[in-house]
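**Student:** What follows is model_1.csv, CSV, C-alpha atoms.
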```
chain,number,residue,atom,x,y,z
A,1,MET,CA,0.0,0.0,0.0
A,2,PRO,CA,1.5,3.4,-1.0
A,3,PRO,CA,2.1,5.8,1.9
A,4,PRO,CA,-0.5,8.6,2.3
A,5,PRO,CA,0.2,11.8,0.3
A,6,SER,CA,2.4,14.3,2.1
A,7,SER,CA,3.3,18.0,1.5
A,8,THR,CA,7.0,17.3,2.2
A,9,LYS,CA,8.0,16.4,-1.4
A,10,ALA,CA,6.2,19.5,-2.8
A,11,LEU,CA,7.6,21.9,-0.2
A,12,ASN,CA,11.1,20.5,-0.7
A,13,ALA,CA,10.8,21.5,-4.4
A,14,ILE,CA,9.2,24.9,-3.8
A,15,LEU,CA,10.7,26.5,-0.7
A,16,PRO,CA,14.4,26.4,-1.9
A,17,LEU,CA,13.3,28.2,-5.1
A,18,ILE,CA,11.9,31.1,-3.0
A,19,ALA,CA,15.1,31.2,-0.9
A,20,ALA,CA,17.1,31.4,-4.2
A,21,GLY,CA,15.0,34.3,-5.5
A,22,GLN,CA,13.1,32.3,-8.1
A,23,ALA,CA,9.6,33.4,-6.9
A,24,TYR,CA,7.9,32.9,-10.2
A,25,GLU,CA,9.1,29.3,-10.6
A,26,ALA,CA,8.1,28.6,-6.9
A,27,HIS,CA,4.7,30.1,-7.4
A,28,GLN,CA,4.0,28.0,-10.5
A,29,LYS,CA,5.2,24.8,-8.8
A,30,ALA,CA,3.0,25.5,-5.8
A,31,ARG,CA,-0.1,25.9,-8.0
A,32,THR,CA,0.8,22.7,-9.9
A,33,PHE,CA,1.2,20.6,-6.8
A,34,ALA,CA,-1.8,22.0,-5.1
A,35,SER,CA,-4.0,21.5,-8.2
A,36,ARG,CA,-2.9,17.9,-8.4
A,37,TYR,CA,-3.5,17.2,-4.7
A,38,SER,CA,-6.9,18.9,-4.8
A,39,LYS,CA,-8.1,17.0,-7.8
A,40,SER,CA,-7.2,13.7,-6.1
A,41,GLY,CA,-9.1,14.7,-3.0
A,42,SER,CA,-6.0,15.3,-0.9
A,43,TYR,CA,-7.3,18.7,0.3
A,44,ASP,CA,-5.3,18.9,3.5
A,45,VAL,CA,-2.0,18.3,1.6
A,46,ALA,CA,-3.0,21.0,-1.0
A,47,ILE,CA,-3.8,23.4,1.8
A,48,ASP,CA,-0.5,22.9,3.5
A,49,VAL,CA,1.4,23.4,0.3
A,50,LEU,CA,-0.4,26.6,-0.4
A,51,TYR,CA,-0.1,27.9,3.1
A,52,GLN,CA,3.6,27.2,3.6
A,53,SER,CA,4.4,28.5,0.1
A,54,ALA,CA,2.4,31.7,0.5
A,55,MET,CA,4.0,32.5,3.9
A,56,GLU,CA,7.5,32.2,2.5
A,57,LEU,CA,6.6,34.3,-0.6
A,58,PHE,CA,5.2,37.0,1.7
A,59,LYS,CA,8.3,37.0,3.8
A,60,ALA,CA,10.4,37.3,0.7
A,61,GLY,CA,8.4,40.3,-0.4
A,62,HIS,CA,6.5,38.7,-3.3
A,63,LEU,CA,3.1,40.0,-2.3
A,64,GLY,CA,1.2,39.3,-5.6
A,65,SER,CA,2.3,35.6,-5.7
A,66,GLY,CA,1.6,35.2,-2.0
A,67,THR,CA,-1.9,36.6,-2.4
A,68,ASP,CA,-2.6,34.4,-5.4
A,69,LEU,CA,-1.7,31.3,-3.4
A,70,SER,CA,-3.7,32.6,-0.5
A,71,GLN,CA,-6.8,33.0,-2.7
A,72,PHE,CA,-6.2,29.5,-4.1
A,73,LEU,CA,-6.1,28.2,-0.5
A,74,ILE,CA,-9.5,29.7,0.1
A,75,GLU,CA,-10.7,28.0,-3.1
A,76,VAL,CA,-9.5,24.6,-1.7
A,77,TYR,CA,-11.3,25.4,1.6
A,78,GLU,CA,-14.4,25.8,-0.5
A,79,LEU,CA,-13.9,22.5,-2.4
A,80,LYS,CA,-13.3,20.7,0.9
A,81,ASP,CA,-16.2,22.4,2.6
A,82,GLU,CA,-13.8,23.5,5.3
A,83,LYS,CA,-15.6,24.9,8.3
A,84,VAL,CA,-14.5,27.8,10.4
A,85,GLY,CA,-12.3,26.6,13.2
A,86,GLU,CA,-9.2,27.6,15.1
A,87,GLU,CA,-6.8,26.1,12.6
A,88,SER,CA,-8.6,27.2,9.4
A,89,ARG,CA,-8.9,30.7,10.8
A,90,ALA,CA,-5.3,30.9,12.1
A,91,ARG,CA,-3.9,30.2,8.6
A,92,LEU,CA,-5.8,33.1,7.2
A,93,THR,CA,-5.0,35.5,10.0
A,94,GLN,CA,-1.3,34.6,9.7
A,95,LEU,CA,-1.3,35.3,5.9
A,96,ILE,CA,-3.3,38.6,6.4
A,97,SER,CA,-0.7,39.7,8.9
A,98,LEU,CA,2.2,39.0,6.5
A,99,VAL,CA,0.8,40.7,3.4
A,100,GLY,CA,1.3,44.2,4.6
A,101,THR,CA,-0.4,47.4,3.6
A,102,GLU,CA,1.1,47.9,0.1
A,103,GLY,CA,-1.4,47.9,-2.8
A,104,THR,CA,-4.7,46.1,-2.7
A,105,TRP,CA,-3.4,42.7,-1.8
A,106,ARG,CA,-4.6,42.7,1.8
A,107,LYS,CA,-8.0,44.0,0.8
A,108,THR,CA,-8.3,41.1,-1.5
A,109,MET,CA,-7.4,38.6,1.1
A,110,ILE,CA,-9.6,40.1,3.8
A,111,GLY,CA,-12.6,40.1,1.4
A,112,GLY,CA,-12.0,36.4,0.4
A,113,SER,CA,-11.5,35.3,4.0
A,114,ILE,CA,-14.7,37.0,5.3
A,115,ALA,CA,-16.8,35.7,2.4
A,116,TRP,CA,-15.6,32.1,3.1
A,117,SER,CA,-16.2,32.4,6.8
A,118,ALA,CA,-19.7,33.8,6.2
A,119,LYS,CA,-20.5,30.8,4.0
A,120,HIS,CA,-18.9,28.1,6.1
A,121,GLY,CA,-19.5,29.5,9.6
A,122,ILE,CA,-22.5,30.3,11.7
A,123,TYR,CA,-22.4,34.1,11.3
A,124,ALA,CA,-24.0,35.6,8.3
A,125,THR,CA,-21.7,38.7,8.5
A,126,GLY,CA,-18.5,36.6,8.8
A,127,ASP,CA,-16.6,35.0,11.6
A,128,PRO,CA,-16.2,37.2,14.7
A,129,GLY,CA,-12.7,36.0,15.3
A,130,LEU,CA,-11.6,37.0,11.9
A,131,HIS,CA,-13.4,40.4,12.2
A,132,GLY,CA,-11.8,40.9,15.6
A,133,PHE,CA,-8.3,40.2,14.3
A,134,ILE,CA,-8.7,42.4,11.3
A,135,GLY,CA,-10.2,45.2,13.4
A,136,GLU,CA,-7.3,45.1,15.8
A,137,LEU,CA,-4.8,45.1,12.9
A,138,PHE,CA,-6.3,48.3,11.4
A,139,TYR,CA,-6.6,49.9,14.9
A,140,LYS,CA,-2.9,49.3,15.5
A,141,GLU,CA,-2.1,50.9,12.2
A,142,GLN,CA,-4.3,53.9,13.1
A,143,ASP,CA,-6.7,53.2,10.3
A,144,PHE,CA,-9.8,53.9,12.3
A,145,VAL,CA,-12.3,54.1,9.4
A,146,ALA,CA,-11.2,50.6,8.3
A,147,ALA,CA,-11.1,49.2,11.8
A,148,GLU,CA,-14.6,50.4,12.9
A,149,PRO,CA,-16.9,48.0,11.0
A,150,HIS,CA,-14.7,44.9,11.8
A,151,LEU,CA,-14.7,45.7,15.5
A,152,ILE,CA,-18.5,46.1,15.5
A,153,ALA,CA,-19.0,42.9,13.5
A,154,SER,CA,-16.7,41.0,15.9
A,155,GLY,CA,-18.9,41.8,18.9
A,156,SER,CA,-16.6,40.4,21.5
A,157,ARG,CA,-15.9,42.1,24.8
A,158,GLU,CA,-12.3,42.6,23.7
A,159,SER,CA,-13.3,44.2,20.4
A,160,ALA,CA,-15.8,46.4,22.1
A,161,LYS,CA,-13.1,47.7,24.5
A,162,THR,CA,-10.7,48.3,21.5
A,163,LEU,CA,-13.5,50.2,19.7
A,164,ALA,CA,-14.0,52.3,22.8
A,165,ASN,CA,-10.3,53.1,23.0
A,166,MET,CA,-10.3,54.0,19.3
A,167,LEU,CA,-13.4,56.1,19.3
A,168,PHE,CA,-12.2,58.0,22.4
A,169,THR,CA,-9.0,58.8,20.6
A,170,TRP,CA,-10.9,59.6,17.4
A,171,SER,CA,-13.1,62.0,19.4
A,172,ARG,CA,-10.0,64.1,20.3
A,173,ASN,CA,-10.0,62.6,23.8
A,174,GLY,CA,-13.6,63.3,24.6
A,175,ALA,CA,-14.9,66.1,22.4
A,176,GLU,CA,-18.5,65.4,21.4
A,177,PRO,CA,-18.6,62.2,23.6
A,178,GLY,CA,-22.3,61.5,22.9
A,179,THR,CA,-21.7,61.3,19.2
A,180,TYR,CA,-18.7,58.9,19.5
A,181,ALA,CA,-20.3,56.8,22.2
A,182,SER,CA,-23.3,56.4,20.0
A,183,LYS,CA,-21.1,55.1,17.2
A,184,GLY,CA,-20.4,52.1,19.4
A,185,VAL,CA,-23.5,51.5,21.5
A,186,ILE,CA,-26.2,51.8,18.8
A,187,PRO,CA,-24.6,49.4,16.2
A,188,TYR,CA,-24.1,46.8,18.9
A,189,LEU,CA,-27.7,47.1,20.0
A,190,LEU,CA,-28.9,46.9,16.4
A,191,ARG,CA,-27.2,43.5,16.4
A,192,GLY,CA,-28.8,42.5,19.7
A,193,ASN,CA,-25.4,42.4,21.4
A,194,ILE,CA,-26.0,43.9,24.8
A,195,LEU,CA,-22.7,42.5,26.3
A,196,ALA,CA,-20.6,44.3,23.7
A,197,ALA,CA,-22.7,47.5,24.1
A,198,ARG,CA,-22.1,47.4,27.9
A,199,ALA,CA,-18.4,46.6,27.6
A,200,PHE,CA,-17.9,49.4,25.0
A,201,LEU,CA,-19.7,52.1,27.0
A,202,SER,CA,-18.1,51.1,30.3
A,203,GLN,CA,-14.6,51.5,28.7
A,204,PHE,CA,-15.6,54.7,27.0
A,205,LEU,CA,-16.9,56.3,30.1
A,206,SER,CA,-13.9,55.2,32.1
A,207,LEU,CA,-11.6,57.0,29.6
A,208,LEU,CA,-13.8,60.1,29.5
A,209,ILE,CA,-14.1,60.4,33.2
A,210,GLY,CA,-10.4,60.0,33.6
A,211,ALA,CA,-9.7,62.7,31.1
A,212,ARG,CA,-12.6,65.0,32.0
A,213,PRO,CA,-13.8,64.5,35.6
A,214,SER,CA,-16.0,67.5,35.3
A,215,VAL,CA,-18.3,65.5,32.9
A,216,LEU,CA,-19.8,63.9,36.0
A,217,ALA,CA,-22.9,65.6,37.3
A,218,THR,CA,-22.6,63.8,40.6
A,219,PRO,CA,-19.4,62.6,42.2
A,220,SER,CA,-20.6,59.0,42.8
A,221,PRO,CA,-22.5,56.6,40.5
A,222,VAL,CA,-26.1,56.0,41.1
A,223,VAL,CA,-26.9,52.4,42.1
A,224,ILE,CA,-29.9,51.3,40.1
A,225,ASN,CA,-30.1,47.7,41.4
A,226,PRO,CA,-30.6,48.0,45.1
A,227,ALA,CA,-29.5,45.3,47.5
A,228,GLY,CA,-31.9,42.4,47.6
A,229,SER,CA,-32.8,42.5,43.9
A,230,GLU,CA,-32.3,39.4,41.7
A,231,ALA,CA,-29.2,40.9,40.1
A,232,ALA,CA,-25.9,39.2,41.0
A,233,SER,CA,-24.5,42.6,42.0
A,234,PRO,CA,-25.7,46.2,42.1
A,235,ASP,CA,-25.6,48.1,38.8
A,236,GLU,CA,-24.2,51.6,38.6
A,237,LEU,CA,-25.1,54.4,36.3
A,238,TYR,CA,-22.9,57.5,35.9
A,239,LEU,CA,-25.0,60.7,35.7
A,240,THR,CA,-23.1,63.0,33.4
A,241,THR,CA,-23.5,66.5,32.0
A,242,GLU,CA,-23.8,64.9,28.5
A,243,PRO,CA,-27.5,63.9,28.0
A,244,VAL,CA,-26.7,61.4,25.2
A,245,LEU,CA,-24.3,59.5,27.6
A,246,ASN,CA,-27.1,59.2,30.1
A,247,PHE,CA,-29.5,58.1,27.4
A,248,LEU,CA,-27.2,55.4,26.2
A,249,GLN,CA,-26.7,54.0,29.7
A,250,LEU,CA,-30.4,53.8,30.2
A,251,ALA,CA,-31.1,52.4,26.8
A,252,ILE,CA,-28.7,49.5,27.4
A,253,ARG,CA,-30.3,48.7,30.7
A,254,THR,CA,-33.8,48.9,29.3
A,255,CYS,CA,-32.9,46.5,26.5
A,256,GLN,CA,-31.5,44.1,29.1
A,257,ARG,CA,-35.0,43.8,30.5
A,258,ALA,CA,-36.5,42.8,27.2
A,259,LYS,CA,-37.7,39.1,27.1
A,260,ASN,CA,-36.6,38.8,30.7
A,261,PRO,CA,-38.8,36.3,32.6
A,262,GLY,CA,-41.0,38.0,35.1
A,263,VAL,CA,-41.0,41.3,33.3
A,264,GLN,CA,-44.3,42.2,31.6
A,265,ALA,CA,-43.8,43.0,27.9
A,266,LYS,CA,-46.2,45.9,28.0
A,267,GLN,CA,-44.3,47.5,30.9
A,268,VAL,CA,-40.9,47.3,29.3
A,269,GLN,CA,-42.3,48.5,26.0
A,270,GLU,CA,-43.7,51.6,27.8
A,271,MET,CA,-40.3,52.1,29.5
A,272,TRP,CA,-38.6,52.2,26.1
A,273,VAL,CA,-41.1,54.5,24.5
A,274,ARG,CA,-40.9,56.9,27.4
A,275,LEU,CA,-37.2,56.9,27.4
A,276,CYS,CA,-36.8,57.6,23.7
A,277,GLY,CA,-39.6,60.2,23.8
A,278,SER,CA,-38.1,62.0,26.7
A,279,TYR,CA,-34.7,62.4,25.2
A,280,GLN,CA,-36.0,63.1,21.6
A,281,SER,CA,-38.1,65.9,23.0
A,282,ARG,CA,-34.9,67.7,24.0
A,283,ARG,CA,-33.8,67.9,20.4
A,284,GLY,CA,-30.1,67.3,19.8
A,285,LEU,CA,-28.5,64.1,18.5
A,286,VAL,CA,-31.1,61.6,19.7
A,287,ALA,CA,-33.8,63.5,17.8
A,288,GLN,CA,-32.0,63.3,14.4
A,289,PRO,CA,-33.7,61.3,11.8
A,290,GLY,CA,-31.0,58.6,11.4
A,291,TYR,CA,-30.9,58.2,15.2
A,292,ARG,CA,-34.7,57.9,15.5
A,293,GLU,CA,-34.8,55.3,12.8
A,294,ALA,CA,-32.1,53.2,14.6
A,295,LEU,CA,-34.0,53.4,17.9
A,296,GLY,CA,-37.1,52.3,16.0
A,297,GLU,CA,-35.3,49.2,14.8
A,298,ILE,CA,-34.0,48.5,18.3
A,299,GLY,CA,-37.6,48.9,19.6
A,300,THR,CA,-38.8,46.3,17.1
A,301,LEU,CA,-35.9,44.0,17.9
A,302,PHE,CA,-36.1,44.0,21.7
A,303,PHE,CA,-39.6,45.1,22.5
A,304,ASP,CA,-41.7,43.8,19.6
A,305,LEU,CA,-42.8,47.3,18.8
A,306,PRO,CA,-44.1,47.9,15.2
A,307,PRO,CA,-41.2,48.6,12.8
A,308,PRO,CA,-40.6,52.3,11.9
A,309,ARG,CA,-42.3,53.5,8.8
A,310,ALA,CA,-40.1,52.3,5.8
A,311,ALA,CA,-37.9,54.8,4.1
A,312,ALA,CA,-36.4,54.6,0.7
A,313,ASN,CA,-33.3,53.1,2.3
A,314,ASN,CA,-34.4,51.6,5.6
A,315,ASN,CA,-31.0,50.4,6.9
A,316,ALA,CA,-30.7,52.1,10.2
A,317,LEU,CA,-27.1,50.9,10.8
A,318,GLN,CA,-26.0,52.3,7.4
A,319,ASP,CA,-27.7,55.6,8.2
A,320,MET,CA,-25.9,55.8,11.6
A,321,MET,CA,-22.5,55.0,10.1
A,322,SER,CA,-22.9,57.6,7.3
A,323,SER,CA,-24.5,60.3,9.3
A,324,PHE,CA,-22.1,60.3,12.3
A,325,LEU,CA,-19.2,62.5,11.2
A,326,GLY,CA,-18.9,60.8,7.8
A,327,GLY,CA,-18.6,57.2,8.9
A,328,LYS,CA,-18.9,54.9,5.8
A,329,PRO,CA,-22.1,52.9,5.4
A,330,GLY,CA,-21.7,49.2,5.7
A,331,GLY,CA,-23.3,48.1,2.4
A,332,SER,CA,-26.2,48.6,0.1
A,333,GLY,CA,-29.8,47.5,-0.1
A,334,GLY,CA,-32.2,46.7,2.7
A,335,PRO,CA,-31.0,45.2,6.0
A,336,PRO,CA,-31.4,41.6,6.9
A,337,LYS,CA,-34.0,40.6,9.3
A,338,ARG,CA,-32.6,41.0,12.8
A,339,THR,CA,-33.1,38.5,15.5
A,340,LEU,CA,-32.5,38.7,19.3
A,341,ASP,CA,-30.3,36.3,21.2
A,342,PRO,CA,-31.7,34.9,24.5
A,343,PRO,CA,-31.3,37.5,27.3
A,344,MET,CA,-28.4,37.3,29.7
A,345,GLN,CA,-29.4,35.8,33.0
A,346,GLY,CA,-29.6,37.7,36.2
A,347,ILE,CA,-29.7,41.2,34.8
A,348,THR,CA,-32.7,43.4,35.8
A,349,LEU,CA,-33.4,47.1,36.4
A,350,ASP,CA,-35.5,46.4,39.5
```
Let's see the structure in the file written out as structure tokens.
**Tutor:**
Amino acid sequence: MPPPPSSTKALNAILPLIAAGQAYEAHQKARTFASRYSKSGSYDVAIDVLYQSAMELFKAGHLGSGTDLSQFLIEVYELKDEKVGEESRARLTQLISLVGTEGTWRKTMIGGSIAWSAKHGIYATGDPGLHGFIGELFYKEQDFVAAEPHLIASGSRESAKTLANMLFTWSRNGAEPGTYASKGVIPYLLRGNILAARAFLSQFLSLLIGARPSVLATPSPVVINPAGSEAASPDELYLTTEPVLNFLQLAIRTCQRAKNPGVQAKQVQEMWVRLCGSYQSRRGLVAQPGYREALGEIGTLFFDLPPPRAAANNNALQDMMSSFLGGKPGGSGGPPKRTLDPPMQGITLD
């Protein structure tokens, strides 16, 4: 019985060519070997050949050849029906980190990686781990516009804190804090992600209070879950001189009550309507059309309120991103139907 196929023979023929400066020959050999292995069903061998070859090409500065093999690797992922996992994700993040910022090579790789993860993972907008890595990468390069949508799409606690650090810096260390805090909280709530919204706003407020203590209207936070409630620990709300920050804290905590056992739906609906109406009556940011539309979608998502009257382009998240200081919209066409994850346990406003 012949031994199982291995990538060793192929790599022994390819990698020395790269080291010798013969990138074109190495690239062609890698494609030939990978095609042969892929057609015979030896997908894992083809993947290893492409991954190892692409890495070495990137390290040698041959970005176009490395990107081509990386895209071929994603094609083999597709043929194999490779699911998103630690190993499959790690290959792509490693290659993305090596390609650098020159030209459009990295953009091509990011687009292909996210598209594969959306198709072969459980998240329609792409794998959160990939988004988180890409968002962090752009953040470290100070490319805040590129980082923002990936950090939002990731939705992890870590990405939410990074987004808060980024938006605080972007806001010139606290100028217009309500606007920049909204750029984090509202998109997370539109995705039903209360944990990320809370992590983001907690970090943003911590940075703001540290830089501008005068933003606090009262020196101590208000405890809104008194002792003896069902909550695991008291919840604190910081009353500030910025109405939008107060609104966002209350909005998150009101959304937490949605779908919570023991809380009457009608009661929490009325709380949301009163909260929005109170702050919208003061004019300002919360009363702007894009903001109103976003809050209407959140009301539908969390509180089963009737959807806001449809506009020509009824994508509240797009409107938020495009209206807040020129943030780029996330796509085109109507938004997908939003669904709400089960509520976190043990969180109330009582």
**Student:** Tell me, in Å to one decimal, how far CA of Asp44 (chain A) is from CA of Leu73 (chain A).
**Tutor:**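 Between these atoms lies a distance of 10.2 Å.
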**Student:** Report the distance between CA of Pro307 (chain A) and CA of Glu293 (chain A) in Å, rounded to one decimal place.
**Tutor:**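 We find that CA of Pro307 (chain A) and CA of Glu293 (chain A) lie 9.3 Å from each other.
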**Student:** Considering all atoms listed in the file, can you say which of A:Gly132, A:Gly61, A:Gly85, A:Trp116 comes closest to Gly100 (chain A)?
**Tutor:**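 Nearest to Gly100 (chain A): A:Gly61.
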**Student:** Grab the CA of Gln52 (chain A) to CA of Glu86 (chain A) distance for me, in Å with one decimal place.
**Tutor:**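 Separation of CA of Gln52 (chain A) and CA of Glu86 (chain A): 17.2 Å.
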**Student:** Give me, as a Markdown table, the closest atom pair and its distance (Å, one decimal) for every residue of region 98-190 of chain A within a cut-off of 9 Å of region 236-242 of chain A, counting only C-alpha atoms, rows sorted by chain and rising number.
**Tutor:**
```
| residue | atom | partner | partner_atom | distance |
| --- | --- | --- | --- | --- |
| A:Glu176 | CA | A:Glu242 | CA | 8.9 |
| A:Pro177 | CA | A:Glu242 | CA | 7.6 |
| A:Gly178 | CA | A:Glu242 | CA | 6.7 |
```
**Student:** Can you pull out the residues contacting region 278-285 of chain A? Cut-off 12 Å, using all atoms listed in the file, and skip same-chain residues under 6 positions away; I want them as a list in words.
**Tutor:**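 Near neighbours after the sequence-gap exclusion: Glu176, Pro177, Gly178, Thr179, Tyr180, Ala181, Ser182, Lys183, Glu242, Pro243, Val244, Leu245, Asn246, Phe247, Leu248, Leu250, Ala251, Glu270, Met271, Trp272, Tyr291, Arg292, Glu293, Leu295, Met320, Ser323, Phe324 and Leu325 of chain A.
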**Student:** Looking at A:Leu201, A:Leu208, A:Ala153, A:Ile114, which one is nearest to Asn173 (chain A), with distances taken over only C-alpha atoms?
**Tutor:**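 Between A:Leu201, A:Leu208, A:Ala153, A:Ile114, the residue approaching Asn173 (chain A) most closely is A:Leu208.
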**Student:** Rank nothing, just name the residue among A:Tyr43, A:Leu57, A:Ile152, A:Thr67 nearest to Leu17 (chain A), using all atoms listed in the file.
**Tutor:** A:Leu57
**Student:** What's the 8 Å shell around Phe303 (chain A), counting all atoms listed in the file, without same-chain residues fewer than 6 positions away, as a PDB file with C-alpha atoms, keeping the file's coordinate frame?
**Tutor:**
```pdb
ATOM      1  CA  CYS A 255     -32.900  46.500  26.500  1.00  0.00           C
ATOM      2  CA  ALA A 258     -36.500  42.800  27.200  1.00  0.00           C
ATOM      3  CA  LYS A 259     -37.700  39.100  27.100  1.00  0.00           C
ATOM      4  CA  ALA A 265     -43.800  43.000  27.900  1.00  0.00           C
ATOM      5  CA  VAL A 268     -40.900  47.300  29.300  1.00  0.00           C
ATOM      6  CA  GLN A 269     -42.300  48.500  26.000  1.00  0.00           C
TER       7      GLN A 269
END
```
**Student:** Restricting the calculation to all atoms listed in the file: of A:Gly64, A:Arg198, A:Glu136, A:Ser214, which residue gets closest to Asp235 (chain A)?
**Tutor:**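 Among the listed residues, A:Arg198 lies closest to Asp235 (chain A).
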**Student:** I need the residue nearest Asp48 (chain A) from this list: A:Val76, A:Ile252, A:Ala164, A:Leu207. Use all atoms listed in the file for the distance.
**Tutor:** A:Val76
**Student:** What would the list of residues within 10 Å of (-32.7, 50.7, 16.4) (file frame) look like as a list of chain:residue names, if all atoms listed in the file are what count?
**Tutor:**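 Using all atoms listed in the file, the matching residues come out as A:Ile186, A:Pro187, A:Tyr188, A:Leu189, A:Leu190, A:Arg191, A:Gly192, A:Gly290, A:Tyr291, A:Arg292, A:Glu293, A:Ala294, A:Leu295, A:Gly296, A:Glu297, A:Ile298, A:Gly299, A:Thr300, A:Leu301, A:Phe302, A:Pro307, A:Pro308, A:Asn315, A:Ala316, A:Leu317, A:Met320.
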**Student:** Using only C-alpha atoms, determine which residues lie at most 12 Å from Ile47 (chain A), disregarding the query and same-chain residues fewer than 4 positions distant; provide the list as a PyMOL selection string.
**Tutor:** chain A and resi 6-7+10-11+30-31+33-38+41-43+51-54+69-80+82+87-88+91-92
**Student:** Between A:Ile14, A:Leu98, A:Ala146, A:Ala20, which one has atoms that come closest to Leu50 (chain A), using all atoms listed in the file?
**Tutor:**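 Closest candidate: A:Ile14.
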**Student:** With all heavy atoms retained, output region 250-256 of chain A as a PDB file, in the first residue's frame.
**Tutor:**
```pdb
ATOM      1  N   LEU A 250     -29.079  54.272  29.970  1.00  0.00           N
ATOM      2  CA  LEU A 250     -30.440  53.823  30.249  1.00  0.00           C
ATOM      3  C   LEU A 250     -30.973  52.923  29.125  1.00  0.00           C
ATOM      4  O   LEU A 250     -31.711  51.966  29.384  1.00  0.00           O
ATOM      5  CB  LEU A 250     -31.354  55.035  30.430  1.00  0.00           C
ATOM      6  CG  LEU A 250     -31.097  55.866  31.695  1.00  0.00           C
ATOM      7  CD1 LEU A 250     -31.853  57.182  31.624  1.00  0.00           C
ATOM      8  CD2 LEU A 250     -31.493  55.086  32.939  1.00  0.00           C
ATOM      9  N   ALA A 251     -30.599  53.220  27.890  1.00  0.00           N
ATOM     10  CA  ALA A 251     -31.064  52.407  26.763  1.00  0.00           C
ATOM     11  C   ALA A 251     -30.544  50.981  26.886  1.00  0.00           C
ATOM     12  O   ALA A 251     -31.299  50.009  26.680  1.00  0.00           O
ATOM     13  CB  ALA A 251     -30.597  53.027  25.445  1.00  0.00           C
ATOM     14  N   ILE A 252     -29.270  50.822  27.221  1.00  0.00           N
ATOM     15  CA  ILE A 252     -28.709  49.479  27.376  1.00  0.00           C
ATOM     16  C   ILE A 252     -29.431  48.727  28.467  1.00  0.00           C
ATOM     17  O   ILE A 252     -29.821  47.549  28.306  1.00  0.00           O
ATOM     18  CB  ILE A 252     -27.201  49.562  27.688  1.00  0.00           C
ATOM     19  CG1 ILE A 252     -26.422  50.061  26.469  1.00  0.00           C
ATOM     20  CG2 ILE A 252     -26.667  48.200  28.120  1.00  0.00           C
ATOM     21  CD1 ILE A 252     -24.965  50.384  26.754  1.00  0.00           C
ATOM     22  N   ARG A 253     -29.663  49.363  29.587  1.00  0.00           N
ATOM     23  CA  ARG A 253     -30.282  48.677  30.719  1.00  0.00           C
ATOM     24  C   ARG A 253     -31.752  48.372  30.469  1.00  0.00           C
ATOM     25  O   ARG A 253     -32.273  47.369  30.954  1.00  0.00           O
ATOM     26  CB  ARG A 253     -30.086  49.517  31.986  1.00  0.00           C
ATOM     27  CG  ARG A 253     -28.641  49.419  32.483  1.00  0.00           C
ATOM     28  CD  ARG A 253     -28.201  50.632  33.285  1.00  0.00           C
ATOM     29  NE  ARG A 253     -26.839  50.441  33.769  1.00  0.00           N
ATOM     30  CZ  ARG A 253     -25.758  50.685  33.050  1.00  0.00           C
ATOM     31  NH1 ARG A 253     -25.871  51.101  31.794  1.00  0.00           N
ATOM     32  NH2 ARG A 253     -24.556  50.503  33.570  1.00  0.00           N
ATOM     33  N   THR A 254     -32.411  49.213  29.663  1.00  0.00           N
ATOM     34  CA  THR A 254     -33.798  48.914  29.303  1.00  0.00           C
ATOM     35  C   THR A 254     -33.852  47.726  28.354  1.00  0.00           C
ATOM     36  O   THR A 254     -34.702  46.836  28.485  1.00  0.00           O
ATOM     37  CB  THR A 254     -34.458  50.153  28.660  1.00  0.00           C
ATOM     38  OG1 THR A 254     -34.330  51.271  29.538  1.00  0.00           O
ATOM     39  CG2 THR A 254     -35.931  49.895  28.393  1.00  0.00           C
ATOM     40  N   CYS A 255     -32.921  47.669  27.398  1.00  0.00           N
ATOM     41  CA  CYS A 255     -32.879  46.525  26.485  1.00  0.00           C
ATOM     42  C   CYS A 255     -32.598  45.221  27.231  1.00  0.00           C
ATOM     43  O   CYS A 255     -33.076  44.151  26.830  1.00  0.00           O
ATOM     44  CB  CYS A 255     -31.819  46.753  25.411  1.00  0.00           C
ATOM     45  SG  CYS A 255     -32.250  48.020  24.186  1.00  0.00           S
ATOM     46  N   GLN A 256     -31.827  45.303  28.312  1.00  0.00           N
ATOM     47  CA  GLN A 256     -31.539  44.093  29.086  1.00  0.00           C
ATOM     48  C   GLN A 256     -32.802  43.492  29.700  1.00  0.00           C
ATOM     49  O   GLN A 256     -32.863  42.285  29.946  1.00  0.00           O
ATOM     50  CB  GLN A 256     -30.542  44.417  30.210  1.00  0.00           C
ATOM     51  CG  GLN A 256     -29.138  44.619  29.703  1.00  0.00           C
ATOM     52  CD  GLN A 256     -28.166  45.052  30.780  1.00  0.00           C
ATOM     53  OE1 GLN A 256     -27.028  45.332  30.485  1.00  0.00           O
ATOM     54  NE2 GLN A 256     -28.600  45.112  32.022  1.00  0.00           N
TER      55      GLN A 256
END
```
